Each structure stands twice: as C-alpha cells, then as structure tokens.
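Have a look at the structure below, then the notes.
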Amino acid sequence: MPPSHQRVAMRVPTVPPSLLLALSLLSPWGSVAGSCPQRCVCASNLLSCSQANLSTVPAPLPRFTAVLDLSHNNVTRLRADWAPARLPHLHALLLSHNGLAFVSTEAFTHVPRLRHLDLSSNRLRTLDENLFSDLGELEVLLLYNNEIATVDRTAFENLGRLRKLYLGQNRIARFPLELLREGTRLPQLALLDLSANRLRAVPAGELQALPAWLRDRLYLHNNPLACDCLLFQLLDRGRRRHLSAVEDFQDELRCFPPGGTALVKILELAGKPPLNCSKAREAVLEAHLGDSVTLGCDSRWQGVRSRHWVTPGGERVLGDGVNGSVVLLANGSLQLRALRPEDAGTYSCWVAGPLLNETLYVELLVHNFTLHGPHDTLNTAYTTLVGCILSVVLVLIYLYLTPCRCCCCRGTEKPPAPRDDSINSSVLSTTPNHAGGTGEPCGSHVASGAGTGQNGRFKGGGTPPVPARQGPKAQRKVSDPDSVSSVFSDTPIVV
C-alpha cells in the first residue's frame, strides 16, 4: 500500500516542487531516516505493519517510532540486528502470530525504553538466561500460547518494573516460583498467569506467603495438579477472601486424586476420602510496636504427628529465630518478641493429625506506635497532682493531729487550757517538763485541789510545791509556765 503523502502529491500535480520539498522536510516521515516502510501504515509515531506478509523486520525504522506492530506476519527469527539503530522512543513492540521460534539474547539492546512486549501465539520453546535483561523498564510481557517448556530462573533478571506476566497455554512443567518469594527479581509483579500448562505440583506453603494482591492474580487453573490438602486450603482460603483467580475459575481448578485417573474439583476435597482435607481456620491479631505476642496453634486433633509455622516471608520456623525474637514454644505456639513493622503479615501453622490435616492462619497487624505512647503525658500529670495532694494532707496531719507523747495522758481527757495561757500550746513543745528526778516520768505528780496546766504542769493560782531535796543534784527547778523561753524549749532547764 503506497504511503498517504505520495497519493496526495499525485492528486495535486500543480504544486511547485520546491514547496513539496519544504513540506517533506517539515513532516516526520519526510526525511530518509524517517520514511514510512513499504507495506506499513504510519500515523504520527505509530507504525503498523500487521498482516503485511513480512519475513523480516522492515528497515530502516524511524527513530521516533513509539509503537511498532509486526503481528500476523512470518518473522520466525528475531536477531540482534533487527534494529540496527537505537530506537529511544519505542515503548510497545507487537510480534504475536509470527511463528517466532528464536529470539536472540541481544535482540532488545537498542530498545531500552520498551514497556509493552507481545510475543504471544508463536513457537518459542525456551526462555534462555538473561533473555529480557536489557528491558529494565518493561511492565507487560505476553508469552501465552507458545510451546515454552523450559524457563531459566535468570530469564527475568533485571525486570524490576514488570507488573504483568502472561505464560498461559504453554508446556511449562515447573516454574521458578521462588522468584516471587524472594521479592527481589520481580518486586512489582501483580499478575502471573500460569494457566493451561503442565504443572503437577506447586509449593502451596510458599504461595500462601505471597501478598494477597499477588495471590488475587495468580492463575493456576487448567493444570494437571496432584490433589493435596495444602493446595486445597490455599484455594479455599482464596475463595473465602473472594480472590478473582479462584472465584472466577472454580470449575477449572481441578486435580488428580491419589491413585485416580479422573480430574476432580479441588474446592470439593473437604472431608472426602482418601485425603479427607479440612478447611483452614483464620484469625486476625492486632499488636503494637515493641509488644510480645503469642500466636496459638491449638489444633482440635489429638495425637498430632508434626507441627510447624511458616512466617510471612515463607521461612519455616523450627526453633528460635534471629536474636531470639521468634520462639517456637513446646505447645506449638509461636511467640514473637519486640515486634517490628516488618513482622506484620500472615503466619500459618501446619498441623499433621492422625486423621485430618489442619492449618491455622493468623494475620498479624502491627500498629506503627506503642500502646501507651499517647498517654504518657497524662499519666505523668496525674501522678504529680496526686503527689502534691498527699503532701499537703500529710503536712496538715503533722501540724494539727500530732498525738500526745506523754503516757499519763492516755485514757484521760485533758481539760481546756485557760485563754491567758494559750501561748504555752503543746504544739510548740514536744517534751513535758518533769519536776522530779526519781526516774519515773509519769505517775509522780499528784495534784490536790489544783488544776493541771498545759504539758502536765500544775497551775493552781501560785507556784506549785517544791518536792523535798534528796541530794545535791536531785533537786530540779520547774520551769515557769509563763516564761517565754520554756515555751520554745524541748528540754527542762536544770539549775
């Protein structure tokens, strides 16, 4: 089909040649390096060569090409020199339905900005090592409906931005699913289609450790899988969580039972012989940073043969973890100490019973703050206020409720003191004055017809009688109750 601009030139023969030359230079397809290849249709930066009966990639290709459609042709080999010049703007390459059987490991050297690559419906048989390593910005890779039987674990090296990988309708018997568990090769992968292959077994424990957003788009239907209780529980849990990869293909998820030749539905294995699979139980536990939690694995079966835990990272816990932060207890529970944000996720406890197997999934949510952090200020203020109140109460008790220290006052009620003697308050004097030196502090004072003053002193309208002298040092002069010095003195004055 001739280019459109040539048809315009034929219809307007009266246009001067100089004007045509100027217009061709201004057009993106006017230069030699940017001319539209024969049998192709060019529109802006889109180049469509579909169904053009091509056996090789047309050349030269314009440097500004963004989308190149070569589908439905006979390009059976994609060599390293299919694009001799660098195509810095090419972001979509379509090569489906070509009978393509060979792709060079250097075929994508000149298209580093490619984001969409369609190699579906061809005859590819192997994915060699580092096949797509030059496509660091690739996001979508379509490889379905080929004859792929072998996938090298390094074939997807350096695909850090890959989001969708379609490998359905091939002959794959084993896919390196450890690439997903490691999380380093394909960190942004959100869809993996492995349907209609020849997979007979999948690591259900490792798949359970995958994030839910990836399990939601992990397609395993139409594979000759072997029936297994772990696989049943994986898919049963996906059905209860309404994952589209399970819910939309329930009838296509089938397996071969032990010793059987007919496929059965995987989601109908619950309680049926010979496996007698039981449904998995789920739980959700919330905790905070720094907390210690215990994840229980209390099976309803007695005589458990074996029990182990699988962390969210897919690691099997058989003993103490790193730095003792993960401990497997004797009763089968898993204890996590000093929780960190990376400890959050789904933990699974696998129990092998005498009759049925049981699996417990515990989803741990770790809140990114400590439990008592927001209340520390309130607790400190409350403690300070209570301390101040107690201090004031104790001071008041000491000042006004000090008990009498004289044993003679016990059991007797002290008469009220005269108003003119209020300065001699017992609050200011802690030790009573004794009039005798016989060694008996109490019971030696006898009053006849005279009132007792403060601190046990006699005040009967005159000076109290002086006891008889018993020795040169035995006589003591009783302090005058009206003396100011005796009021502020804690010991008697000896003369």
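The way I read the labels, and the way they are meant: chains A, B, ... in the order of the structure tokens, residue 1 as the first residue of every chain, and ligand 1 as the first ligand shown, with later ones counted on from there.
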Taking only range 67-252 of chain A into account, list the residues labelled strand (DSSP E) by DSSP (computed from the backbone), as a PyMOL selection string. chain A and resi 67-69+77-78+92-94+102-103+116-118+126-127+140-142+150-151+164-166+191-193+218-219+225-226
Asp128 in chain A environment, 7 Å, only C-alpha atoms, sequence neighbours closer than 2 positions dropped, as a list in words: Thr126, Asn130, Leu131, Val151, Asp152 and Ala155 of chain A
Quick one: write out the picked residues with C-alpha atoms as a JSON list (two decimals), in the first residue's frame?
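So out_7.json came out as:
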[["chain", "number", "residue", "atom", "x", "y", "z"],
["A", 126, "THR", "CA", 12.66, -21.99, 25.89],
["A", 130, "ASN", "CA", 19.10, -13.12, 30.70],
["A", 131, "LEU", "CA", 16.74, -13.07, 27.72],
["A", 151, "VAL", "CA", 12.10, -21.33, 31.91],
["A", 152, "ASP", "CA", 15.51, -20.31, 33.19],
["A", 155, "ALA", "CA", 15.31, -15.16, 32.19]]
Let me make sure I understand: among A:Arg237, A:Arg77, A:Arg125, A:Arg217, which one has the smallest atom-to-atom distance to Ser278 in chain A if we use only C-alpha atoms?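 Ranked by minimum distance to Ser278 in chain A, first place goes to A:Arg237.
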Can you pull out the residues contacting Ala338 in chain A? Cut-off 10 Å, using only C-alpha atoms, and skip same-chain residues under 6 positions away; I want them as a VMD selection string. chain A and resid 288 to 293 324 to 326
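Using only C-alpha atoms, the shortest contact distance between Ala92 in chain A and any of A:Thr56, A:Val140, A:Arg241, A:Tyr400 is found at A:Val140.
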Set the distance at 9 Å and use only C-alpha atoms: which residues neighbour Ser133 in chain A once local chain neighbours fewer than 2 positions away are removed? I'd like the list as a ChimeraX atom specification. /A:105,108,129-131,135-136,154-159
